[in-house]
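upload.tsv follows; it contains TSV, C-alpha atoms.
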chain	number	residue	atom	x	y	z
A	1	MET	CA	12.28	-56.75	47.24
A	2	SER	CA	13.23	-53.24	48.30
A	3	GLU	CA	10.67	-50.45	48.11
A	4	LYS	CA	10.88	-48.28	44.96
A	5	GLN	CA	12.14	-44.69	45.39
A	6	ILE	CA	9.77	-42.53	43.34
A	7	LEU	CA	10.75	-38.90	42.60
A	8	THR	CA	8.62	-36.01	41.47
A	9	ILE	CA	9.65	-34.17	38.33
A	10	THR	CA	10.74	-31.21	40.43
A	11	GLU	CA	12.85	-33.44	42.68
A	12	LEU	CA	14.47	-35.03	39.64
A	13	ASN	CA	15.30	-31.66	38.06
A	14	GLU	CA	16.61	-30.35	41.37
A	15	TYR	CA	18.83	-33.42	41.70
A	16	ILE	CA	20.24	-32.92	38.22
A	17	LYS	CA	20.86	-29.24	39.00
A	18	LEU	CA	22.66	-30.22	42.19
A	19	ILE	CA	24.94	-32.58	40.24
A	20	LEU	CA	25.74	-29.91	37.66
A	21	ASP	CA	26.36	-27.22	40.28
A	22	ASN	CA	28.74	-29.45	42.18
A	23	THR	CA	30.80	-30.51	39.18
A	24	PRO	CA	33.85	-28.13	39.14
A	25	ARG	CA	34.60	-28.91	35.51
A	26	LEU	CA	31.22	-27.40	34.52
A	27	ASN	CA	31.44	-24.33	36.73
A	28	ASP	CA	34.14	-22.69	34.61
A	29	VAL	CA	34.15	-24.01	31.09
A	30	TRP	CA	35.34	-22.64	27.74
A	31	VAL	CA	33.42	-23.63	24.63
A	32	LYS	CA	33.48	-22.49	21.02
A	33	GLY	CA	30.76	-22.57	18.41
A	34	GLU	CA	28.63	-20.62	15.99
A	35	ILE	CA	25.89	-18.26	17.17
A	36	SER	CA	22.31	-18.86	16.03
A	37	ASN	CA	18.87	-17.73	17.21
A	38	PHE	CA	20.45	-14.63	18.73
A	39	THR	CA	18.02	-12.32	20.57
A	40	ASN	CA	18.94	-8.99	22.11
A	41	HIS	CA	16.27	-8.48	24.73
A	42	TYR	CA	16.31	-4.68	24.76
A	43	LYS	CA	13.93	-4.30	27.71
A	44	THR	CA	16.08	-6.35	30.07
A	45	GLY	CA	19.46	-6.03	28.35
A	46	HIS	CA	19.95	-9.83	28.38
A	47	PHE	CA	21.33	-11.78	25.37
A	48	TYR	CA	19.74	-15.13	24.46
A	49	LEU	CA	21.42	-17.37	21.88
A	50	THR	CA	22.26	-20.88	20.80
A	51	LEU	CA	25.81	-22.13	20.33
A	52	LYS	CA	26.22	-24.95	17.82
A	53	ASP	CA	28.81	-26.98	15.96
A	54	GLN	CA	28.45	-29.67	13.30
A	55	GLY	CA	27.17	-32.28	15.74
A	56	SER	CA	25.22	-30.56	18.50
A	57	LEU	CA	23.96	-27.35	20.11
A	58	ILE	CA	23.41	-25.80	23.53
A	59	LYS	CA	21.22	-22.92	24.60
A	60	ALA	CA	22.96	-20.03	26.31
A	61	VAL	CA	22.18	-16.76	28.05
A	62	MET	CA	24.30	-13.73	28.89
A	63	PHE	CA	22.74	-11.48	31.50
A	64	LYS	CA	22.81	-7.68	31.27
A	65	SER	CA	25.57	-7.23	33.85
A	66	ARG	CA	27.94	-9.17	31.58
A	67	ALA	CA	26.45	-8.21	28.20
A	68	SER	CA	26.86	-4.49	28.89
A	69	GLN	CA	30.63	-4.96	29.11
A	70	LEU	CA	30.95	-6.34	25.58
A	71	LYS	CA	32.59	-4.04	23.04
A	72	PHE	CA	30.70	-5.68	20.16
A	73	ILE	CA	27.19	-6.95	19.44
A	74	PRO	CA	26.91	-10.72	18.78
A	75	GLU	CA	25.40	-11.72	15.43
A	76	ASN	CA	23.99	-14.89	13.93
A	77	GLY	CA	26.67	-16.87	12.12
A	78	MET	CA	29.50	-15.35	14.18
A	79	LYS	CA	32.04	-17.87	15.47
A	80	VAL	CA	32.82	-17.19	19.12
A	81	ILE	CA	34.55	-18.53	22.21
A	82	ALA	CA	32.48	-18.37	25.39
A	83	ARG	CA	33.38	-18.83	29.04
A	84	GLY	CA	30.76	-19.61	31.64
A	85	ARG	CA	29.08	-22.26	33.71
A	86	VAL	CA	26.66	-25.02	32.85
A	87	ALA	CA	23.55	-25.12	35.03
A	88	SER	CA	20.02	-26.47	34.92
A	89	PHE	CA	16.80	-24.46	35.06
A	90	VAL	CA	14.59	-26.52	37.36
A	91	ARG	CA	11.25	-25.32	36.05
A	92	ASP	CA	11.91	-26.29	32.41
A	93	GLY	CA	14.20	-29.24	33.07
A	94	GLN	CA	16.77	-27.89	30.62
A	95	TYR	CA	20.40	-27.13	31.09
A	96	GLN	CA	22.13	-24.22	29.41
A	97	LEU	CA	25.34	-22.23	29.37
A	98	TYR	CA	25.40	-19.05	31.47
A	99	ILE	CA	28.02	-16.92	29.68
A	100	ASP	CA	30.36	-14.60	31.58
A	101	GLU	CA	32.78	-13.77	28.74
A	102	LEU	CA	32.40	-13.81	24.97
A	103	GLU	CA	34.90	-13.06	22.22
A	104	PRO	CA	35.12	-13.66	18.47
A	105	ASP	CA	36.93	-16.81	17.43
A	106	GLY	CA	39.89	-15.88	15.24
A	107	VAL	CA	39.16	-12.13	15.00
A	108	GLY	CA	39.85	-9.54	17.67
A	109	VAL	CA	36.96	-8.22	19.76
A	110	LEU	CA	37.94	-4.60	19.13
A	111	TYR	CA	38.17	-5.15	15.40
A	112	ILE	CA	34.63	-6.56	15.32
A	113	ALA	CA	33.37	-3.66	17.43
A	114	PHE	CA	35.14	-1.17	15.15
A	115	GLU	CA	33.59	-2.60	11.99
A	116	GLN	CA	30.12	-2.81	13.51
A	117	LEU	CA	30.13	0.82	14.67
A	118	LYS	CA	31.63	2.06	11.41
A	119	ASN	CA	28.95	0.29	9.37
A	120	LYS	CA	26.19	1.56	11.66
A	121	LEU	CA	27.26	5.23	11.48
A	122	ALA	CA	27.94	5.02	7.75
A	123	ALA	CA	24.40	3.71	7.21
A	124	GLU	CA	23.09	6.76	9.10
A	125	GLY	CA	25.01	9.06	6.75
A	126	LEU	CA	27.34	10.35	9.46
A	127	PHE	CA	30.39	10.12	7.18
A	128	ARG	CA	28.87	11.76	4.08
A	129	GLU	CA	31.28	14.03	2.22
A	130	ASP	CA	28.68	16.75	1.64
A	131	LEU	CA	28.39	17.21	5.43
A	132	LYS	CA	32.07	18.01	5.84
A	133	ARG	CA	32.87	21.72	6.33
A	134	PRO	CA	35.83	23.52	4.76
A	135	LEU	CA	38.65	24.63	7.03
A	136	PRO	CA	39.09	28.40	7.50
A	137	LYS	CA	41.82	29.95	5.34
A	138	ILE	CA	43.36	32.09	8.09
A	139	PRO	CA	42.14	31.02	11.56
A	140	THR	CA	43.00	33.26	14.49
A	141	ARG	CA	42.01	30.78	17.25
A	142	ILE	CA	42.97	27.11	17.31
A	143	GLY	CA	41.15	24.83	19.76
A	144	ILE	CA	42.85	21.58	20.83
A	145	VAL	CA	41.29	18.64	22.70
A	146	THR	CA	44.03	16.28	23.85
A	147	SER	CA	46.20	15.31	26.78
A	148	PRO	CA	48.17	18.24	28.26
A	149	THR	CA	51.16	16.01	28.98
A	150	GLY	CA	51.48	13.92	25.81
A	151	ALA	CA	53.85	14.37	22.91
A	152	ALA	CA	50.93	15.30	20.65
A	153	ILE	CA	50.32	18.72	22.25
A	154	ARG	CA	54.03	19.58	22.11
A	155	ASP	CA	54.20	18.70	18.42
A	156	ILE	CA	51.06	20.70	17.63
A	157	ILE	CA	52.24	23.80	19.51
A	158	ASN	CA	55.68	23.64	17.88
A	159	ILE	CA	54.23	23.43	14.37
A	160	LEU	CA	51.65	26.16	15.00
A	161	GLY	CA	54.32	28.46	16.44
A	162	ARG	CA	56.60	27.93	13.48
A	163	ARG	CA	54.00	28.17	10.72
A	164	PHE	CA	51.60	30.79	12.05
A	165	PRO	CA	52.53	32.35	15.41
A	166	TYR	CA	49.71	34.92	15.11
A	167	ALA	CA	46.99	32.37	15.98
A	168	LYS	CA	45.86	31.97	19.58
A	169	VAL	CA	46.09	28.36	20.82
A	170	ILE	CA	43.50	27.16	23.38
A	171	LEU	CA	43.89	23.73	25.01
A	172	TYR	CA	41.06	21.75	26.58
A	173	PRO	CA	42.87	19.09	28.65
A	174	SER	CA	41.38	15.63	28.31
A	175	LEU	CA	42.22	12.01	28.86
A	176	VAL	CA	42.88	10.25	25.56
A	177	GLN	CA	42.93	6.65	26.79
A	178	GLY	CA	40.72	4.51	29.00
A	179	ASP	CA	37.03	4.39	29.84
A	180	ASP	CA	36.96	7.96	31.17
A	181	ALA	CA	38.46	9.46	28.01
A	182	PRO	CA	35.40	9.54	25.68
A	183	PRO	CA	33.20	11.68	28.00
A	184	GLN	CA	36.04	14.18	28.44
A	185	ILE	CA	36.69	14.39	24.69
A	186	VAL	CA	32.99	14.98	24.06
A	187	ALA	CA	32.92	17.63	26.78
A	188	GLY	CA	35.90	19.42	25.18
A	189	ILE	CA	34.26	19.56	21.75
A	190	ARG	CA	31.02	20.87	23.23
A	191	TYR	CA	32.87	23.43	25.35
A	192	PHE	CA	34.50	25.07	22.33
A	193	ASN	CA	31.18	25.12	20.46
A	194	GLU	CA	29.09	26.48	23.32
A	195	HIS	CA	31.52	29.35	24.01
A	196	LYS	CA	32.53	29.88	20.34
A	197	LEU	CA	36.20	29.95	21.33
A	198	ALA	CA	37.83	28.58	18.17
A	199	ASP	CA	37.80	28.82	14.38
A	200	VAL	CA	39.01	25.24	13.98
A	201	LEU	CA	39.41	22.26	16.36
A	202	ILE	CA	42.14	19.63	16.52
A	203	VAL	CA	41.04	16.46	18.33
A	204	GLY	CA	43.54	13.67	18.78
A	205	ARG	CA	46.51	12.00	20.37
A	206	GLY	CA	49.72	10.23	19.46
A	207	GLY	CA	49.93	6.70	18.11
A	208	GLY	CA	49.49	3.43	19.96
A	209	SER	CA	47.78	0.05	19.81
A	210	ILE	CA	44.13	-0.30	18.92
A	211	GLU	CA	43.40	-0.52	22.64
A	212	ASP	CA	45.24	2.77	23.23
A	213	LEU	CA	43.29	4.52	20.48
A	214	TRP	CA	39.94	3.02	21.42
A	215	ALA	CA	38.57	6.21	23.02
A	216	PHE	CA	38.41	7.69	19.50
A	217	ASN	CA	36.31	4.74	18.31
A	218	ASP	CA	33.56	5.70	20.73
A	219	GLU	CA	30.12	6.39	19.25
A	220	ASN	CA	29.52	9.47	21.40
A	221	VAL	CA	32.84	10.98	20.31
A	222	ALA	CA	31.95	10.44	16.64
A	223	ARG	CA	28.53	12.05	17.08
A	224	ALA	CA	30.02	15.03	18.94
A	225	VAL	CA	32.55	15.57	16.14
A	226	ARG	CA	29.81	15.48	13.50
A	227	ALA	CA	27.54	17.80	15.52
A	228	SER	CA	30.29	20.41	15.99
A	229	GLN	CA	29.62	23.77	14.34
A	230	ILE	CA	33.38	24.36	14.31
A	231	PRO	CA	35.35	22.41	11.66
A	232	VAL	CA	37.18	19.47	13.25
A	233	ILE	CA	40.52	17.94	12.27
A	234	SER	CA	40.98	14.40	13.59
A	235	ALA	CA	44.62	13.66	14.45
A	236	VAL	CA	44.68	10.21	15.99
A	237	GLY	CA	47.60	7.81	15.86
A	238	HIS	CA	50.06	7.24	13.08
A	239	GLU	CA	49.56	7.31	9.35
A	240	THR	CA	48.30	3.72	9.06
A	241	ASP	CA	45.85	3.99	11.96
A	242	PHE	CA	42.20	4.88	11.28
A	243	THR	CA	39.54	5.52	13.90
A	244	ILE	CA	35.81	6.26	13.79
A	245	CYS	CA	36.70	9.84	14.73
A	246	ASP	CA	38.71	10.11	11.49
A	247	PHE	CA	35.67	9.20	9.39
A	248	ALA	CA	33.36	11.62	11.24
A	249	ALA	CA	35.74	14.62	11.19
A	250	ASP	CA	35.83	17.30	8.50
A	251	ARG	CA	39.49	16.50	7.78
A	252	ARG	CA	41.70	13.61	8.82
A	253	ALA	CA	45.39	14.13	9.57
A	254	PRO	CA	47.73	11.13	9.87
A	255	THR	CA	49.56	12.69	12.83
A	256	PRO	CA	49.09	15.59	15.27
A	257	SER	CA	51.91	17.46	13.51
A	258	ALA	CA	50.13	17.08	10.16
A	259	ALA	CA	46.93	18.36	11.79
A	260	ALA	CA	48.73	21.54	12.85
A	261	GLU	CA	49.97	22.03	9.30
A	262	LEU	CA	46.43	21.61	7.96
A	263	ALA	CA	44.96	24.01	10.51
A	264	VAL	CA	47.02	27.12	9.70
A	265	PRO	CA	48.78	28.61	6.68
A	266	ASP	CA	52.54	28.82	6.43
A	267	THR	CA	53.55	32.42	7.26
A	268	PRO	CA	56.29	32.82	4.59
A	269	GLU	CA	53.98	31.35	1.96
A	270	LEU	CA	51.13	33.57	3.15
A	271	LYS	CA	53.36	36.65	2.95
A	272	ARG	CA	54.36	35.68	-0.58
A	273	LYS	CA	50.72	35.33	-1.62
A	274	ILE	CA	49.81	38.64	0.00
A	275	GLY	CA	52.76	40.26	-1.79
A	276	ASN	CA	51.49	38.88	-5.11
A	277	ILE	CA	48.02	40.25	-4.39
A	278	ILE	CA	49.46	43.69	-3.50
A	279	GLY	CA	51.54	43.66	-6.70
A	280	ARG	CA	48.48	42.83	-8.82
A	281	MET	CA	46.50	45.55	-7.06
A	282	ASP	CA	49.26	48.11	-7.76
A	283	LEU	CA	49.27	47.18	-11.45
A	284	LEU	CA	45.49	47.40	-11.64
A	285	ILE	CA	45.37	50.78	-9.87
A	286	SER	CA	48.17	52.15	-12.09
A	287	SER	CA	46.36	50.95	-15.19
A	288	ASN	CA	43.10	52.55	-14.05
A	289	ILE	CA	44.86	55.86	-13.30
A	290	LYS	CA	46.57	55.83	-16.72
A	291	HIS	CA	43.26	55.16	-18.44
A	292	ALA	CA	41.55	57.95	-16.48
A	293	ARG	CA	44.31	60.42	-17.39
A	294	THR	CA	43.96	59.53	-21.08
A	295	ARG	CA	40.23	60.15	-20.95
A	296	LEU	CA	40.82	63.45	-19.14
A	297	ALA	CA	43.27	64.59	-21.81
A	298	LEU	CA	40.82	63.72	-24.59
A	299	ASN	CA	37.99	65.56	-22.87
A	300	ALA	CA	40.23	68.58	-22.28
A	301	GLU	CA	40.70	68.90	-26.07
A	302	LYS	CA	36.98	69.04	-26.76
A	303	GLN	CA	35.62	72.38	-28.07
A	304	VAL	CA	33.03	72.63	-25.35
A	305	LEU	CA	35.79	73.07	-22.79
A	306	ARG	CA	38.00	75.31	-24.89
A	307	SER	CA	35.17	77.61	-26.21
A	308	PRO	CA	32.04	77.27	-24.06
A	309	GLY	CA	30.34	80.20	-25.89
A	310	VAL	CA	30.39	78.28	-29.18
A	311	PHE	CA	28.73	75.32	-27.52
A	312	VAL	CA	25.99	77.59	-26.07
A	313	ASP	CA	25.43	79.27	-29.48
A	314	GLU	CA	25.04	75.90	-31.15
A	315	LYS	CA	22.47	74.83	-28.60
A	316	ARG	CA	20.65	78.18	-28.92
A	317	MET	CA	20.40	77.78	-32.72
A	318	ALA	CA	19.05	74.30	-32.23
A	319	VAL	CA	16.37	75.69	-29.90
A	320	VAL	CA	15.41	78.39	-32.45
A	321	ALA	CA	15.17	75.81	-35.24
A	322	SER	CA	13.01	73.58	-33.07
A	323	ALA	CA	10.71	76.51	-32.21
A	324	SER	CA	10.31	77.38	-35.91
A	325	GLN	CA	9.47	73.79	-36.75
A	326	LEU	CA	6.95	73.67	-33.91
A	327	ASP	CA	5.27	76.92	-35.11
A	328	SER	CA	4.97	75.64	-38.66
A	329	ALA	CA	3.52	72.35	-37.43
A	330	MET	CA	0.95	74.18	-35.28
A	331	LYS	CA	-0.15	76.45	-38.19
A	332	LEU	CA	-0.53	73.44	-40.50
A	333	LYS	CA	-2.59	71.61	-37.89
A	334	LEU	CA	-4.89	74.63	-37.37
A	335	THR	CA	-5.47	74.96	-41.14
A	336	ASP	CA	-6.37	71.26	-41.39
A	337	ASP	CA	-8.68	71.46	-38.36
A	338	ARG	CA	-10.49	74.55	-39.75
A	339	ALA	CA	-11.09	72.81	-43.09
A	340	ARG	CA	-12.52	69.74	-41.39
A	341	PHE	CA	-14.71	71.97	-39.22
A	342	ALA	CA	-16.15	73.83	-42.27
A	343	GLN	CA	-16.95	70.51	-43.97
A	344	THR	CA	-18.77	69.28	-40.87
A	345	VAL	CA	-20.81	72.53	-40.59
A	346	ALA	CA	-21.84	72.27	-44.25
A	347	LYS	CA	-23.03	68.70	-43.74
A	348	LEU	CA	-25.06	69.69	-40.68
A	349	GLN	CA	-26.65	72.66	-42.50
A	350	ALA	CA	-27.67	70.42	-45.36
A	351	LEU	CA	-29.49	68.19	-42.92
A	352	ASP	CA	-31.21	71.09	-41.03
A	353	PRO	CA	-35.01	71.05	-41.72
A	354	MET	CA	-35.18	74.84	-41.10
A	355	ALA	CA	-32.92	75.33	-44.07
A	356	VAL	CA	-35.57	73.71	-46.30
A	357	ILE	CA	-38.34	75.82	-44.75
A	358	SER	CA	-36.35	79.00	-45.31
A	359	ARG	CA	-36.49	78.35	-49.05
A	360	GLY	CA	-40.34	78.76	-49.07
A	361	TYR	CA	-41.51	75.46	-47.72
A	362	SER	CA	-43.45	74.83	-44.50
A	363	ALA	CA	-44.05	71.86	-42.21
A	364	VAL	CA	-47.48	70.72	-40.95
A	365	PHE	CA	-47.90	69.45	-37.37
A	366	LYS	CA	-50.76	68.10	-35.33
A	367	GLU	CA	-51.65	69.79	-32.05
A	368	ASP	CA	-49.54	67.25	-30.19
A	369	GLY	CA	-46.51	68.20	-32.35
A	370	THR	CA	-46.60	65.14	-34.61
A	371	LEU	CA	-45.22	65.93	-38.09
A	372	ILE	CA	-47.77	65.30	-40.83
A	373	LYS	CA	-46.29	63.33	-43.70
A	374	SER	CA	-49.53	62.05	-45.28
A	375	ALA	CA	-53.13	63.34	-45.63
A	376	SER	CA	-54.29	60.05	-44.23
A	377	GLN	CA	-52.95	61.15	-40.80
A	378	LEU	CA	-55.59	63.92	-40.57
A	379	GLU	CA	-59.33	64.02	-40.05
A	380	ILE	CA	-61.85	66.65	-41.28
A	381	GLY	CA	-62.21	69.35	-38.65
A	382	GLU	CA	-58.89	68.53	-36.95
A	383	SER	CA	-56.71	71.50	-35.91
A	384	ILE	CA	-53.24	71.78	-37.46
A	385	SER	CA	-50.38	74.26	-37.54
A	386	PHE	CA	-47.97	75.32	-40.28
A	387	LYS	CA	-44.31	75.99	-39.39
A	388	THR	CA	-42.79	78.70	-41.62
A	389	SER	CA	-39.40	80.33	-41.70
A	390	ASP	CA	-40.60	83.32	-39.65
A	391	GLY	CA	-43.38	81.82	-37.50
A	392	SER	CA	-46.37	79.47	-37.48
A	393	VAL	CA	-50.04	79.46	-38.62
A	394	LYS	CA	-52.97	77.55	-37.08
A	395	ALA	CA	-55.73	76.12	-39.37
A	396	GLU	CA	-58.53	73.59	-39.52
A	397	VAL	CA	-58.91	70.71	-42.00
A	398	ILE	CA	-61.88	71.39	-44.25
A	399	GLU	CA	-61.19	68.89	-47.02
A	400	LYS	CA	-58.73	66.13	-47.88
A	401	GLN	CA	-57.59	65.27	-51.40
A	402	PHE	CA	-55.23	62.48	-52.42
A	403	ASN	CA	-53.04	62.07	-55.49
A	404	ARG	CA	-54.12	59.47	-57.96
A	405	LYS	CA	-51.17	57.24	-57.11
A	406	SER	CA	-51.87	57.42	-53.38
A	407	ASN	CA	-54.34	55.19	-51.59
A	408	PRO	CA	-56.38	57.07	-48.93

Let me see whether you can do it: turn the structure in this file into structure tokens.
Amino acid sequence: MSEKQILTITELNEYIKLILDNTPRLNDVWVKGEISNFTNHYKTGHFYLTLKDQGSLIKAVMFKSRASQLKFIPENGMKVIARGRVASFVRDGQYQLYIDELEPDGVGVLYIAFEQLKNKLAAEGLFREDLKRPLPKIPTRIGIVTSPTGAAIRDIINILGRRFPYAKVILYPSLVQGDDAPPQIVAGIRYFNEHKLADVLIVGRGGGSIEDLWAFNDENVARAVRASQIPVISAVGHETDFTICDFAADRRAPTPSAAAELAVPDTPELKRKIGNIIGRMDLLISSNIKHARTRLALNAEKQVLRSPGVFVDEKRMAVVASASQLDSAMKLKLTDDRARFAQTVAKLQALDPMAVISRGYSAVFKEDGTLIKSASQLEIGESISFKTSDGSVKAEVIEKQFNRKSNP
């Protein structure tokens, strides 16, 4: 009997890994399934997920170097097609799919990315109507961020020159397609804002496929458009094409030519409106002058202007009449005041004790000045004084007598 070959767990897992790594069919495999247990490991940038169908599942991982190239964020329940390799992790004894490419199953990658970014920015309020600024009525400087060689810039310049040649056109040349386009578009928008070079901005390009227009679906472009202090017109693609830039801008134009028409007024129409305003101003001024002349004619017929002396005499008579009325009022007031004064003096005289004494009466006081009202206030031998109308007399109490009705 041959000797048994016993393996350690590590040796077994390493053997299985070796088999998987050396099976060409498993080194580049395409699988499709539904995503579940998705985890976006923000610290490392790796994606961890499970792919499943009705009968089975497999764990999968997409490392940061590959995940950063995705134009959309995977979500639970999303049906996808993945390309990668199957390998075993020796430590855990599990095999899993290491994903290199990932795309939605049945729906375009760019469409998914577009919808995800649109929903995200809408939830932040970036597309709110109350944030959108009105375009200036008569701009004198038009800023344009687009390619200097495309058809879009030629169309814009032609329309601006025809409609309103008085405006200055300033171009910031930028790529409008490819990975390098979004940073240049953002730089153009910021340049106009930092240097305050324009009254309105046109940002856009001509039409194309969704891949061609993708630079205007960039999150940084949308945020730069919304942060602009200068009103922005988005002019990307043809009439049926919408981009994230369109939603973020203050106005959306279906084409670059339409953006130029939105940006400036039509000169003949503007002249007509100005002519109407001048006509209304002439009528208003003429009406005001006519009204003023009528008032002047009426005032010129007034007597004060034709005979100033009569006006002065009338005023003088009014002054005399007022003075007479004032004099009469003052005399009447003095008479009333004198009568009230005499009444008050009479009342005071009636209450004056000296008036009583002057009629033959006298008042008796103690030495301390206390008025004697009753004999009971005095003692035999006490000194008193009598106040008369012309002087006073000192005396001494020799005897006290009381009336019968009084109690001593």

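Checking A:Glu261, A:Asp105, A:Glu115, A:Glu11 one by one against Ile157 of chain A, counting all atoms listed in the file, you find the shortest gap at A:Glu261.
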
Which residues come within 12 Å of Ala67 of chain A, counting only C-alpha atoms, excluding same-chain residues fewer than 2 positions away, as a PDB file with C-alpha atoms, in the frame of the given file?
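Resulting contents of result-v6.pdb:
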ATOM      1  CA  ASN A  40      18.940  -8.990  22.110  1.00  0.00           C
ATOM      2  CA  HIS A  41      16.270  -8.480  24.730  1.00  0.00           C
ATOM      3  CA  TYR A  42      16.310  -4.680  24.760  1.00  0.00           C
ATOM      4  CA  THR A  44      16.080  -6.350  30.070  1.00  0.00           C
ATOM      5  CA  GLY A  45      19.460  -6.030  28.350  1.00  0.00           C
ATOM      6  CA  HIS A  46      19.950  -9.830  28.380  1.00  0.00           C
ATOM      7  CA  PHE A  47      21.330 -11.780  25.370  1.00  0.00           C
ATOM      8  CA  TYR A  48      19.740 -15.130  24.460  1.00  0.00           C
ATOM      9  CA  VAL A  61      22.180 -16.760  28.050  1.00  0.00           C
ATOM     10  CA  MET A  62      24.300 -13.730  28.890  1.00  0.00           C
ATOM     11  CA  PHE A  63      22.740 -11.480  31.500  1.00  0.00           C
ATOM     12  CA  LYS A  64      22.810  -7.680  31.270  1.00  0.00           C
ATOM     13  CA  SER A  65      25.570  -7.230  33.850  1.00  0.00           C
ATOM     14  CA  GLN A  69      30.630  -4.960  29.110  1.00  0.00           C
ATOM     15  CA  LEU A  70      30.950  -6.340  25.580  1.00  0.00           C
ATOM     16  CA  LYS A  71      32.590  -4.040  23.040  1.00  0.00           C
ATOM     17  CA  PHE A  72      30.700  -5.680  20.160  1.00  0.00           C
ATOM     18  CA  ILE A  73      27.190  -6.950  19.440  1.00  0.00           C
ATOM     19  CA  PRO A  74      26.910 -10.720  18.780  1.00  0.00           C
ATOM     20  CA  TYR A  98      25.400 -19.050  31.470  1.00  0.00           C
ATOM     21  CA  ILE A  99      28.020 -16.920  29.680  1.00  0.00           C
ATOM     22  CA  ASP A 100      30.360 -14.600  31.580  1.00  0.00           C
ATOM     23  CA  GLU A 101      32.780 -13.770  28.740  1.00  0.00           C
ATOM     24  CA  LEU A 102      32.400 -13.810  24.970  1.00  0.00           C
ATOM     25  CA  GLU A 103      34.900 -13.060  22.220  1.00  0.00           C
TER      26      GLU A 103
END

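Interatomic distance, atom CA of Asp53 of chain A against atom CA of Thr23 of chain A: 23.6 Å.
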
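If you count all atoms listed in the file and ignore residues fewer than 3 places along the chain from Lys366 of chain A, what sits within 8 Å of it is Gly369, Thr370, Leu371, Ile372, Ser383, Ile384 and Ser385 of chain A.
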
**Prompt:** Residues around (-47.2, 63.2, -44.7), cut-off 12 Å, counting only C-alpha atoms - what are they as a ChimeraX atom specification?
**Reply:** /A:363-366,370-378,402,406,408

Output the selection as a PDB file, in the coordinates of the input - C-alpha atoms for each residue.
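Contents of the output file result-v4.pdb:
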ATOM      1  CA  ALA A 363     -44.050  71.860 -42.210  1.00  0.00           C
ATOM      2  CA  VAL A 364     -47.480  70.720 -40.950  1.00  0.00           C
ATOM      3  CA  PHE A 365     -47.900  69.450 -37.370  1.00  0.00           C
ATOM      4  CA  LYS A 366     -50.760  68.100 -35.330  1.00  0.00           C
ATOM      5  CA  THR A 370     -46.600  65.140 -34.610  1.00  0.00           C
ATOM      6  CA  LEU A 371     -45.220  65.930 -38.090  1.00  0.00           C
ATOM      7  CA  ILE A 372     -47.770  65.300 -40.830  1.00  0.00           C
ATOM      8  CA  LYS A 373     -46.290  63.330 -43.700  1.00  0.00           C
ATOM      9  CA  SER A 374     -49.530  62.050 -45.280  1.00  0.00           C
ATOM     10  CA  ALA A 375     -53.130  63.340 -45.630  1.00  0.00           C
ATOM     11  CA  SER A 376     -54.290  60.050 -44.230  1.00  0.00           C
ATOM     12  CA  GLN A 377     -52.950  61.150 -40.800  1.00  0.00           C
ATOM     13  CA  LEU A 378     -55.590  63.920 -40.570  1.00  0.00           C
ATOM     14  CA  PHE A 402     -55.230  62.480 -52.420  1.00  0.00           C
ATOM     15  CA  SER A 406     -51.870  57.420 -53.380  1.00  0.00           C
ATOM     16  CA  PRO A 408     -56.380  57.070 -48.930  1.00  0.00           C
TER      17      PRO A 408
END

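The space between atom CA of Leu326 of chain A and atom CA of Gly309 of chain A spans 25.6 Å.
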
**Message:** Residues within 10 Å of Gly237 of chain A, please, as a ChimeraX atom specification. Count all atoms listed in the file; anything in the same chain fewer than 6 positions from it doesn't count.
**Reply:** /A:152,204-210,212-213,216,243,253-256

**Asked** With all atoms listed in the file as the basis for distance, which of A:Ala300, A:Ala395, A:Val225, A:Leu197 is at the shortest distance from Thr140 of chain A?
**Response** A:Leu197

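Note that atom CA of Leu57 of chain A and atom CA of Ile81 of chain A are 13.9 Å apart.
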
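Nearest-residue note for Asp92 of chain A: choosing from A:Gln54, A:Ser174, A:Asn13, A:Ser234, the minimum distance belongs to A:Asn13, counting all atoms listed in the file.
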
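Restricting the calculation to only C-alpha atoms, the smallest distance between Val109 of chain A and any of A:Leu351, A:Thr149, A:Phe242, A:Lys79 is found for A:Lys79.
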
Hey, could you make a per-residue contact list for segment 95-191 of chain A against segment 270-280 of chain A with 12 Å as the cut-off, showing the nearest pair of atoms and its distance in Å to one decimal, counting all atoms listed in the file, sorted by chain and number, as JSON lines?
{"residue": "A:Lys137", "atom": "CA", "partner": "A:Leu270", "partner_atom": "CA", "distance": 10.2}
{"residue": "A:Ile138", "atom": "CA", "partner": "A:Leu270", "partner_atom": "CA", "distance": 9.3}
{"residue": "A:Arg163", "atom": "CA", "partner": "A:Leu270", "partner_atom": "CA", "distance": 9.7}
{"residue": "A:Phe164", "atom": "CA", "partner": "A:Leu270", "partner_atom": "CA", "distance": 9.3}

**Request:** Would you kindly return, as a ChimeraX atom specification, each protein, DNA or RNA residue with an atom no farther than 9 Å from any atom of segment 132-134 of chain A, considering all atoms listed in the file and excluding same-chain residues fewer than 3 positions away?
**Result:** /A:127-129,137,226,229-232,248-251

For Val86 of chain A, please output as a compact mmCIF listing (two decimals) with C-alpha atoms, in the frame of the given file all residues within 9 Å (counting only C-alpha atoms; exclusion window: fewer than 3 positions along the same chain).
# COMPACT_ATOMS: atom_id res chain seq x y z
CA LEU A 20 25.74 -29.91 37.66
CA ASP A 21 26.36 -27.22 40.28
CA LEU A 26 31.22 -27.40 34.52
CA ASN A 27 31.44 -24.33 36.73
CA ASP A 28 34.14 -22.69 34.61
CA VAL A 29 34.15 -24.01 31.09
CA TYR A 95 20.40 -27.13 31.09
CA GLN A 96 22.13 -24.22 29.41
CA LEU A 97 25.34 -22.23 29.37
CA TYR A 98 25.40 -19.05 31.47
CA ILE A 99 28.02 -16.92 29.68
